[in-house]
Each structure stands twice: as C-alpha cells, then as structure tokens.
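Engineer: My structure is in structure.cif, and what it holds is mmCIF, C-alpha atoms:
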data_target
#
loop_
_atom_site.label_atom_id
_atom_site.label_comp_id
_atom_site.auth_asym_id
_atom_site.auth_seq_id
_atom_site.Cartn_x
_atom_site.Cartn_y
_atom_site.Cartn_z
CA MET Z 89 53.89 -39.35 -39.35
CA PRO Z 90 50.20 -38.66 -40.13
CA PRO Z 91 47.86 -41.68 -39.83
CA ALA Z 92 47.94 -43.52 -43.18
CA GLU Z 93 44.17 -43.92 -43.26
CA LEU Z 94 43.68 -40.14 -43.09
CA ALA Z 95 46.25 -38.94 -45.59
CA GLU Z 96 48.51 -40.74 -48.02
CA THR Z 97 52.21 -40.00 -47.83
CA PRO Z 98 53.63 -39.17 -51.28
CA ASP Z 99 55.96 -41.78 -52.81
CA GLY Z 100 59.62 -41.04 -52.19
CA ALA Z 101 58.75 -38.37 -49.63
CA ILE Z 102 61.47 -36.73 -47.55
CA GLN Z 103 60.91 -37.28 -43.83
CA PHE Z 104 61.10 -34.06 -41.83
CA SER Z 105 60.77 -34.35 -38.07
CA PRO Z 106 62.70 -32.90 -35.15
CA LEU Z 107 61.58 -35.96 -33.14
CA LEU Z 108 62.88 -38.70 -35.45
CA ALA Z 109 66.67 -38.95 -35.30
CA GLY Z 110 68.27 -38.71 -38.72
CA SER Z 111 65.36 -36.89 -40.37
CA ALA Z 112 65.99 -33.97 -42.69
CA LYS Z 113 65.67 -30.42 -41.38
CA LEU Z 114 62.74 -28.53 -42.85
CA GLU Z 115 64.56 -25.32 -41.89
CA GLU Z 116 67.25 -26.19 -44.44
CA GLN Z 117 64.93 -27.15 -47.33
CA PRO Z 118 65.41 -24.64 -50.16
CA GLU Z 119 62.56 -22.23 -50.74
CA GLY Z 120 60.11 -23.35 -53.44
CA SER Z 121 61.83 -26.71 -53.90
CA LEU Z 122 58.94 -29.10 -53.09
CA SER Z 123 55.85 -29.93 -55.14
CA GLU Z 124 53.72 -31.46 -52.37
CA MET Z 125 53.79 -31.72 -48.60
CA LEU Z 126 51.91 -33.60 -45.90
CA VAL Z 127 52.15 -32.25 -42.34
CA LEU Z 128 50.96 -33.62 -39.01
CA ALA Z 129 50.69 -30.33 -37.18
CA PRO Z 130 52.09 -29.98 -33.64
CA PRO Z 131 49.67 -28.97 -30.88
CA GLY Z 132 51.36 -25.78 -29.67
CA THR Z 133 50.17 -22.62 -31.46
CA VAL Z 134 53.59 -21.02 -31.90
CA GLU Z 135 55.22 -24.29 -32.97
CA ARG Z 136 52.35 -25.11 -35.34
CA ARG Z 137 52.46 -21.72 -37.08
CA TYR Z 138 56.25 -22.03 -37.36
CA THR Z 139 55.98 -25.49 -38.93
CA THR Z 140 53.25 -24.31 -41.32
CA ALA Z 141 55.37 -21.34 -42.35
CA LEU Z 142 58.36 -23.61 -43.03
CA ALA Z 143 56.16 -25.91 -45.13
CA LEU Z 144 54.74 -23.04 -47.18
CA ARG Z 145 58.23 -21.62 -47.73
CA ALA Z 146 59.53 -24.99 -48.95
CA LEU Z 147 56.68 -25.46 -51.44
CA ALA Z 148 56.68 -24.06 -54.96
CA PRO Z 149 53.81 -21.63 -55.71
CA GLY Z 150 50.67 -23.59 -56.59
CA SER Z 151 51.90 -26.77 -54.88
CA VAL Z 152 49.56 -28.60 -52.52
CA LEU Z 153 49.88 -28.60 -48.73
CA THR Z 154 47.87 -31.10 -46.69
CA ILE Z 155 47.99 -30.41 -42.95
CA LEU Z 156 46.05 -32.20 -40.24
CA ALA Z 157 45.81 -32.60 -36.48
CA PRO Z 158 43.34 -33.89 -33.89
CA LYS Z 159 40.57 -31.35 -33.29
CA ASP Z 160 41.50 -30.94 -29.62
CA LYS Z 161 45.24 -30.60 -30.35
CA GLY Z 162 45.22 -27.66 -32.69
CA GLY Z 163 43.27 -29.14 -35.59
CA SER Z 164 40.33 -26.80 -35.12
CA ARG Z 165 42.64 -23.79 -35.60
CA ILE Z 166 44.55 -24.89 -38.71
CA ALA Z 167 42.13 -23.48 -41.31
CA LYS Z 168 42.12 -20.02 -39.72
CA GLU Z 169 45.90 -20.03 -39.47
CA LEU Z 170 46.30 -21.04 -43.12
CA LYS Z 171 43.94 -18.25 -44.18
CA GLY Z 172 46.13 -15.88 -42.20
CA PHE Z 173 49.01 -16.92 -44.46
CA GLY Z 174 46.87 -16.06 -47.52
CA CYS Z 175 45.80 -19.61 -48.39
CA ALA Z 176 42.42 -20.65 -49.79
CA VAL Z 177 41.53 -23.69 -47.68
CA SER Z 178 39.27 -26.71 -48.04
CA GLU Z 179 38.61 -28.50 -44.73
CA THR Z 180 37.22 -31.91 -43.83
CA SER Z 181 36.76 -33.83 -40.57
CA ARG Z 182 37.48 -37.49 -40.02
CA ARG Z 183 38.16 -39.63 -36.94
CA HIS Z 184 38.43 -36.58 -34.67
CA TYR Z 185 40.96 -34.96 -37.01
CA ARG Z 186 40.66 -31.77 -39.02
CA ILE Z 187 42.27 -32.13 -42.43
CA CYS Z 188 43.06 -28.96 -44.39
CA ILE Z 189 44.21 -28.79 -48.00
CA CYS Z 190 45.41 -25.68 -49.78
CA GLU Z 191 47.70 -24.49 -52.55
CA ARG Z 192 50.74 -22.45 -51.69
CA PRO Z 193 49.96 -18.87 -52.73
CA SER Z 194 52.49 -17.03 -54.85
CA LEU Z 195 53.05 -14.50 -52.06
CA PRO Z 196 52.17 -15.95 -48.63
CA THR Z 197 51.71 -13.36 -45.89
CA GLY Z 198 53.19 -13.46 -42.41
CA ILE Z 199 55.80 -16.15 -43.11
CA ASP Z 200 58.76 -14.22 -41.72
CA GLU Z 201 56.87 -13.25 -38.56
CA ALA Z 202 55.85 -16.86 -37.84
CA LEU Z 203 59.40 -18.09 -38.41
CA ALA Z 204 60.83 -15.44 -36.09
CA GLU Z 205 58.27 -16.19 -33.36
CA GLY Z 206 58.76 -19.96 -33.52
CA GLY Z 207 62.52 -20.12 -33.93
CA PRO Z 208 65.37 -20.30 -31.41
CA ARG Z 209 65.62 -17.54 -28.82
CA LEU Z 210 67.70 -16.59 -25.82
CA ASP Z 211 65.42 -16.49 -22.78
CA GLU Z 212 66.89 -13.77 -20.59
CA GLY Z 213 64.67 -14.88 -17.71
CA PHE Z 214 66.50 -18.14 -17.08
CA GLY Z 215 69.60 -17.63 -19.18
CA PHE Z 216 69.29 -20.42 -21.74
CA TRP Z 217 68.83 -20.65 -25.48
CA THR Z 218 65.50 -22.35 -26.11
CA TRP Z 219 63.06 -23.18 -28.90
CA PRO Z 220 59.25 -23.28 -28.82
CA GLY Z 221 58.09 -26.90 -28.87
CA VAL Z 222 60.93 -28.44 -26.88
CA PHE Z 223 60.24 -29.75 -23.38
CA SER Z 224 59.75 -26.93 -20.87
CA TRP Z 225 60.92 -24.41 -23.48
CA ASN Z 226 59.65 -21.29 -21.69
CA ARG Z 227 60.15 -22.21 -18.02
CA LEU Z 228 62.47 -24.18 -15.80
CA ASP Z 229 60.92 -27.59 -15.15
CA PRO Z 230 60.43 -27.96 -11.37
CA GLY Z 231 61.53 -31.61 -11.40
CA SER Z 232 64.79 -30.71 -13.09
CA VAL Z 233 65.31 -27.80 -10.69
CA LEU Z 234 64.81 -30.09 -7.69
CA LEU Z 235 67.25 -32.64 -9.10
CA GLU Z 236 69.80 -29.94 -9.89
CA GLN Z 237 69.61 -28.70 -6.30
CA ASN Z 238 70.29 -32.17 -4.91
CA LEU Z 239 72.88 -33.63 -7.29
CA PRO Z 240 76.17 -34.80 -5.80
CA VAL Z 241 79.52 -33.83 -7.26
CA PHE Z 242 80.19 -36.38 -10.00
CA SER Z 243 83.47 -37.75 -11.32
CA GLY Z 244 84.46 -39.62 -14.45
CA ARG Z 245 82.34 -40.29 -17.51
CA GLY Z 246 78.59 -39.94 -17.48
CA ALA Z 247 75.43 -39.23 -19.41
CA ASP Z 248 72.33 -37.06 -19.23
CA PHE Z 249 69.40 -38.99 -20.74
CA GLY Z 250 66.73 -36.65 -22.09
CA CYS Z 251 69.02 -33.66 -21.66
CA GLY Z 252 66.65 -31.07 -23.12
CA ILE Z 253 68.28 -27.68 -23.56
CA GLY Z 254 71.06 -28.52 -21.09
CA VAL Z 255 69.82 -27.32 -17.69
CA LEU Z 256 71.10 -30.35 -15.76
CA ALA Z 257 74.18 -30.71 -17.94
CA ARG Z 258 75.35 -27.24 -16.96
CA ALA Z 259 75.12 -28.18 -13.28
CA ILE Z 260 76.87 -31.53 -13.80
CA LEU Z 261 79.74 -29.97 -15.72
CA ALA Z 262 80.34 -27.49 -12.91
CA SER Z 263 82.33 -30.33 -11.35
CA PRO Z 264 85.94 -30.29 -12.61
CA THR Z 265 86.22 -34.05 -11.97
CA VAL Z 266 83.68 -34.90 -14.70
CA GLU Z 267 85.65 -36.09 -17.71
CA HIS Z 268 82.90 -36.44 -20.32
CA LEU Z 269 79.13 -36.02 -20.43
CA ALA Z 270 77.07 -37.60 -23.23
CA MET Z 271 73.88 -35.52 -23.62
CA LEU Z 272 71.10 -37.42 -25.38
CA ASP Z 273 67.68 -36.20 -26.46
CA ILE Z 274 65.05 -37.29 -28.98
CA ASP Z 275 64.36 -33.67 -30.00
CA ARG Z 276 66.82 -32.21 -32.48
CA ARG Z 277 65.83 -28.70 -31.50
CA ALA Z 278 66.69 -29.39 -27.87
CA ILE Z 279 70.07 -30.79 -28.90
CA GLU Z 280 70.82 -27.72 -31.01
CA MET Z 281 69.95 -25.48 -28.07
CA ALA Z 282 71.98 -27.63 -25.68
CA ALA Z 283 74.96 -27.22 -28.00
CA ARG Z 284 74.58 -23.44 -27.68
CA ASN Z 285 74.05 -23.53 -23.93
CA ILE Z 286 76.87 -25.97 -23.12
CA THR Z 287 80.12 -24.70 -24.58
CA ASP Z 288 82.25 -26.88 -22.28
CA PRO Z 289 84.14 -29.35 -24.54
CA ARG Z 290 83.38 -32.15 -22.08
CA GLY Z 291 79.70 -31.86 -23.04
CA ASP Z 292 78.74 -34.06 -26.01
CA PRO Z 293 75.19 -33.39 -27.32
CA ARG Z 294 73.74 -36.25 -29.40
CA TRP Z 295 70.42 -36.47 -31.25
CA ALA Z 296 69.18 -39.93 -30.29
CA ASP Z 297 66.16 -41.86 -29.04
CA VAL Z 298 67.33 -43.35 -25.74
CA ARG Z 299 64.70 -46.10 -26.00
CA ASN Z 300 66.49 -47.55 -29.03
CA GLY Z 301 69.79 -47.95 -27.17
CA THR Z 302 72.58 -45.52 -26.45
CA GLY Z 303 75.76 -47.37 -27.38
CA LEU Z 304 77.22 -46.22 -24.07
CA LYS Z 305 79.06 -48.62 -21.76
CA GLY Z 306 81.08 -48.44 -18.56
CA LEU Z 307 79.72 -45.10 -17.40
CA ASP Z 308 80.34 -43.84 -13.88
CA PHE Z 309 77.02 -42.02 -13.64
CA VAL Z 310 73.74 -41.31 -15.43
CA VAL Z 311 71.36 -38.46 -14.62
CA MET Z 312 67.80 -38.25 -15.92
CA ASN Z 313 64.43 -36.56 -15.71
CA PRO Z 314 62.71 -39.08 -17.99
CA PRO Z 315 59.61 -38.27 -20.05
CA PHE Z 316 56.31 -39.87 -19.17
CA HIS Z 317 54.04 -38.48 -21.88
CA ASP Z 318 53.84 -39.56 -25.51
CA GLY Z 319 51.54 -37.59 -27.77
CA GLY Z 320 49.95 -35.97 -24.73
CA ALA Z 321 48.99 -39.25 -23.03
CA GLU Z 322 50.79 -40.65 -19.98
CA ASP Z 323 53.11 -43.50 -20.90
CA GLN Z 324 55.07 -44.95 -17.98
CA SER Z 325 56.98 -47.26 -20.31
CA LEU Z 326 59.08 -44.28 -21.46
CA GLY Z 327 60.69 -43.80 -18.06
CA GLN Z 328 60.99 -47.55 -17.57
CA SER Z 329 62.91 -47.79 -20.84
CA PHE Z 330 65.22 -44.96 -19.77
CA ILE Z 331 65.98 -46.81 -16.53
CA ARG Z 332 66.80 -50.04 -18.39
CA GLN Z 333 69.11 -48.18 -20.78
CA ALA Z 334 70.85 -46.54 -17.83
CA ALA Z 335 71.45 -49.94 -16.24
CA GLU Z 336 72.96 -51.14 -19.54
CA ALA Z 337 75.26 -48.11 -19.79
CA LEU Z 338 76.56 -48.04 -16.21
CA ARG Z 339 79.56 -49.98 -14.91
CA ALA Z 340 79.32 -52.04 -11.74
CA GLY Z 341 79.40 -49.46 -8.95
CA GLY Z 342 78.09 -46.75 -11.24
CA VAL Z 343 75.20 -44.62 -10.07
CA LEU Z 344 71.90 -43.40 -11.49
CA TRP Z 345 70.23 -40.22 -10.25
CA LEU Z 346 66.60 -39.96 -11.30
CA VAL Z 347 63.78 -37.47 -10.66
CA ALA Z 348 60.17 -38.47 -11.27
CA ASN Z 349 56.66 -37.38 -10.43
CA ARG Z 350 55.67 -38.87 -7.10
CA HIS Z 351 52.90 -41.06 -8.57
CA LEU Z 352 55.11 -42.88 -11.07
CA PRO Z 353 55.91 -46.45 -9.91
CA TYR Z 354 59.55 -46.74 -11.01
CA GLU Z 355 60.69 -48.67 -7.95
CA GLY Z 356 59.59 -51.96 -9.50
CA VAL Z 357 61.89 -51.38 -12.48
CA LEU Z 358 64.82 -50.00 -10.47
CA LYS Z 359 65.14 -52.69 -7.80
CA PRO Z 360 65.82 -55.74 -10.05
CA LEU Z 361 68.43 -53.80 -12.04
CA PHE Z 362 70.35 -52.06 -9.25
CA ARG Z 363 72.12 -53.29 -6.15
CA ARG Z 364 70.78 -50.50 -3.95
CA VAL Z 365 67.93 -48.03 -4.56
CA THR Z 366 67.61 -45.08 -2.19
CA LEU Z 367 64.84 -42.48 -2.07
CA LYS Z 368 66.93 -39.33 -1.48
CA VAL Z 369 64.33 -36.56 -1.67
CA GLU Z 370 60.55 -36.30 -1.77
CA ALA Z 371 59.22 -32.77 -2.22
CA GLY Z 372 56.85 -30.69 -4.32
CA GLY Z 373 55.18 -33.68 -5.92
CA TYR Z 374 58.51 -35.20 -7.01
CA LYS Z 375 60.88 -37.87 -5.74
CA ILE Z 376 64.58 -38.32 -6.40
CA TYR Z 377 66.25 -41.73 -6.40
CA GLU Z 378 69.87 -42.75 -6.24
CA ALA Z 379 70.41 -46.24 -7.68
CA LEU Z 380 73.74 -48.05 -7.36
CA LYS Z 381 74.56 -50.59 -10.07
#
Do you think you could lay out the structure here as structure tokens?
Structural biologist:
Amino acid sequence: MPPAELAETPDGAIQFSPLLAGSAKLEEQPEGSLSEMLVLAPPGTVERRYTTALALRALAPGSVLTILAPKDKGGSRIAKELKGFGCAVSETSRRHYRICICERPSLPTGIDEALAEGGPRLDEGFGFWTWPGVFSWNRLDPGSVLLEQNLPVFSGRGADFGCGIGVLARAILASPTVEHLAMLDIDRRAIEMAARNITDPRGDPRWADVRNGTGLKGLDFVVMNPPFHDGGAEDQSLGQSFIRQAAEALRAGGVLWLVANRHLPYEGVLKPLFRRVTLKVEAGGYKIYEALK
C-alpha cells in the first residue's frame, strides 16, 4: 500500500497485491475495466515493468495511473519506463519518492512484451517454474540448498514455512513416509509456481502469512528458511515469528529444521520454546539447527 501522505487511495478501491493474502489478482482484471489506479511499484526492473503493464491494461483509455516508489528502489526509472509504454508523464518528488502520473494512452506500446518478460517461466537451468519478483526467482538460494543437502528423512505430517517455489518441498516429499506437507508462503506468485512444481498430492500449497498464524497443530516436523528482510531492510523479527509459529504447530516430540544466515541470533528464541536445540551444520555463512519440541 502506498504511503497515505504521498498518494490518496481511491474510495472503494480493489486491493491488488501478490503479498497480501486474499487480495485480487491484477492478472485477472478485465482489460479497460478500471477508471483509476494507484500503484506502489516494486523495486525489480522486470517485476516493475510487468506490474505497470498490468495496470495500464486494466485501465480504460484516458484513465489516470499514479505510480510511485522510493528513488533508490526504482522510483527514478518509472518516468522513463512509462514513456516507453507511450504515456505522457508528469513527475514530482516528495520524501525520497518519485511520484508519476499519466493517462492511459489509447494504444500503449510494449505491453505484451513486458507481460511476457515478467510472467511465469520454466527455468531450464534448475528445473523449476518460477516468476520474477518471488524470492530467489532466478537462482537456487544457497541456504535452501545447504538445508536440502542435510535434511533427514521425515515421516508423518509436516509443513514448509516460506516454501517459495517448492525447492525444499520437492526434497521433503521424496520420502515415501511423509503423509502430508502444508506449504505456506506470503507470495501468491510463489504459491502458484509451487503448485506447478509440486504435483505430488501430498503437497498442499497455501497462500498465507505465517506471522498471522497457520492454523496447523500436531505436526511431526516443520522445515524453514525464514525471511529476514522486509522492504529491503533487515528485520530479525520475521524469522523469530516463524520460529514461534513452528513451536505452536508442532506436537511434543516434533522437530524443526531451520537454516539461517550465520549472524542471525535465533538461539535466544529457539531455546525457551524447544526441549533441545542442536547446531547441525555451519558452512558457507549459514547454520542449520534441529530443534526438538
């Protein structure tokens, strides 16, 4: 949601966001159906151009698009990108943001190309469906790879918190003794890709913000590579919240496997919540913990 002091959200506005569970999908909004739109642009170039193209497609010709972002997170490029779509742009600066306003031209240029570049794709290099903008969308995250290489064989019912596109889930479900795996992620795009990547019926992708509770109880295991950035800034409370939710979801005797950057002080959160916390691996700037409930 754009800062209220920088741009006013229209009354009765539809909320579109892949990062807010339950929001509408801008991809499914009929072409030319909206009369106004306010967009907080994402920082990645491909993702930002994709989002802008979706917004322009959804607007009726002549309707107003307001799009803004911090100058150092793509804001300084918005005006040029809008002009590339054929828009006449007025631009202002305020509180380190660039704010661009334009009318949707009758025939925007380059929309289809931006949508194709920013949409889902099969990455032949690592064999997963992925989507620009999701976590580690164009490479295998080294923390997840290290955890995958060191996971035990699980049994019973479990969960993958922050599952992304399903890299860890695929490894977990290689065990025939796993009965069910809830796969939770805050990013709808990641969940849609995970659903393509994990065709095993035991995998259960769910669009959810783990921090708000999972509704899961009595699990035998939880696996996670928790986030520690929010809006580009380090936020250790994210991983701490994931750990607390794992403790809530696990049965007595259940186990948590967690990978984290070496500098993150998660031990202080783990030890009061778990009966035994064991550092299993420390390598490549990462550490892996096993925590027994």
Engineer: Do you know which residues the PyMOL selection byres ((chain Z and resi 270-280) around 7) returns on this file, as a PyMOL selection string?
Structural biologist: chain Z and resi 106-109+219+222+246-253+268-269+281-284+291-297
Engineer: Could you expand the PyMOL selection byres ((chain Z and resi 154) around 6) into the explicit residues it covers here, written as a PyMOL selection string?
Structural biologist: chain Z and resi 126+153+155+188-189
Engineer: Take the PyMOL selection byres ((chain Z and resi 158-160) around 10), apply it to the structure above, and return the hits as a PyMOL selection string.
Structural biologist: chain Z and resi 128-131+156-157+161-166+181-187
Engineer: Return the single residue from Z:Pro360, Z:Gly306, Z:Gly150, Z:Pro208 that is closest to Z:Ser121, with distances computed using only C-alpha atoms.
Structural biologist: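 Once distances to Z:Ser121 are computed over only C-alpha atoms, the minimum belongs to Z:Gly150.
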Engineer: I want to know what sits within 9 Å of Z:Thr265, based on only C-alpha atoms, with residues of the same chain fewer than 5 positions away left out; could you give that as a PDB file with C-alpha atoms, in the frame of the given file?
Structural biologist:
ATOM      1  CA  VAL Z 241      79.520 -33.830  -7.260  1.00  0.00           C
ATOM      2  CA  PHE Z 242      80.190 -36.380 -10.000  1.00  0.00           C
ATOM      3  CA  SER Z 243      83.470 -37.750 -11.320  1.00  0.00           C
ATOM      4  CA  GLY Z 244      84.460 -39.620 -14.450  1.00  0.00           C
TER       5      GLY Z 244
END
Engineer: Which stretch 203-286 of chain Z residues have any atom within 9 Å of an atom of stretch 368-375 of chain Z, and for each, what is the nearest pair of atoms with distance in Å to one decimal, counting all atoms listed in the file, rows sorted by chain and number, as CSV?
Structural biologist:
residue,atom,partner,partner_atom,distance
Z:Pro230,CA,Z:Gly372,CA,8.4
Z:Gly231,CA,Z:Tyr374,CA,6.4
Z:Leu234,CA,Z:Tyr374,CA,8.1
Z:Leu235,CA,Z:Val369,CA,8.9
Z:Asn238,CA,Z:Val369,CA,8.1
Engineer: What is the atom CA of Z:Ala348-atom CA of Z:Leu228 distance in Å, reported with one decimal?
Structural biologist: 15.2 Å
Engineer: Between Z:Met312, Z:Ile102, Z:Ala112, Z:Ile286, which residue has the minimum interatomic distance to Z:Val298, considering only C-alpha atoms?
Structural biologist: Z:Met312
Engineer: Fewer than 3 positions away in the same chain doesn't count, so skip those; otherwise give me all residues within 9 Å of stretch 332-338 of chain Z, counting only C-alpha atoms, as a PyMOL selection string.
Structural biologist: chain Z and resi 246-247+249+298-311+327-329+341-344+357-358+361-362+381
Engineer: Mind listing whatever residues come within 8 Å of the point (60.1, -32.2, -20.9)? Use all atoms listed in the file, file coordinates, and give them as a CSV table (one decimal) with C-alpha atoms, keeping the file's coordinate frame.
Structural biologist:
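The resulting file, selection_4.csv, is shown below:
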chain,number,residue,atom,x,y,z
Z,222,VAL,CA,60.9,-28.4,-26.9
Z,223,PHE,CA,60.2,-29.8,-23.4
Z,224,SER,CA,59.8,-26.9,-20.9
Z,229,ASP,CA,60.9,-27.6,-15.2
Z,252,GLY,CA,66.6,-31.1,-23.1
Z,314,PRO,CA,62.7,-39.1,-18.0
Z,315,PRO,CA,59.6,-38.3,-20.0
Engineer: Hey, which of Z:Glu191, Z:Glu179, Z:Asp99, Z:Glu115 ends up closest to Z:Ser151? Count all atoms listed in the file.
Structural biologist: Z:Glu191
Engineer: Neighbours of Z:Tyr138 within 8 Å (all atoms listed in the file; same-chain residues fewer than 5 positions away dropped), as a ChimeraX atom specification?
Structural biologist: /Z:202-203,205-207
Engineer: Distance atom CA of Z:Pro240-atom CA of Z:Pro264, one decimal place?
Structural biologist: 12.7 Å
Engineer: How many Å separate atom CA of Z:Asn313 from atom CA of Z:Ala257?
Structural biologist: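 Taking atom CA of Z:Asn313 as the start and atom CA of Z:Ala257 as the end point, the length is 11.6 Å.
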Engineer: Would you mind telling me which residue in Z:Cys190, Z:Leu326, Z:Ala379, Z:Val266 lies nearest to Z:Arg290 when using only C-alpha atoms?
Structural biologist: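 Going through Z:Cys190, Z:Leu326, Z:Ala379, Z:Val266 one by one, the smallest distance to Z:Arg290 is for Z:Val266.
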Engineer: Counting only C-alpha atoms, I want the residues whose atoms come within 10 Å of (54.7, -26.1, -46.4) in the file frame, returned as a ChimeraX atom specification.
Structural biologist: /Z:114,119-120,122-127,139-148,151-155,190-192
Engineer: Given only C-alpha atoms as the basis, pick out the residue of Z:Leu256, Z:Arg339, Z:Leu261, Z:Ala95 nearest to Z:Val233.
Structural biologist: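 Checking each of Z:Leu256, Z:Arg339, Z:Leu261, Z:Ala95 against Z:Val233, counting only C-alpha atoms, the winner is Z:Leu256.
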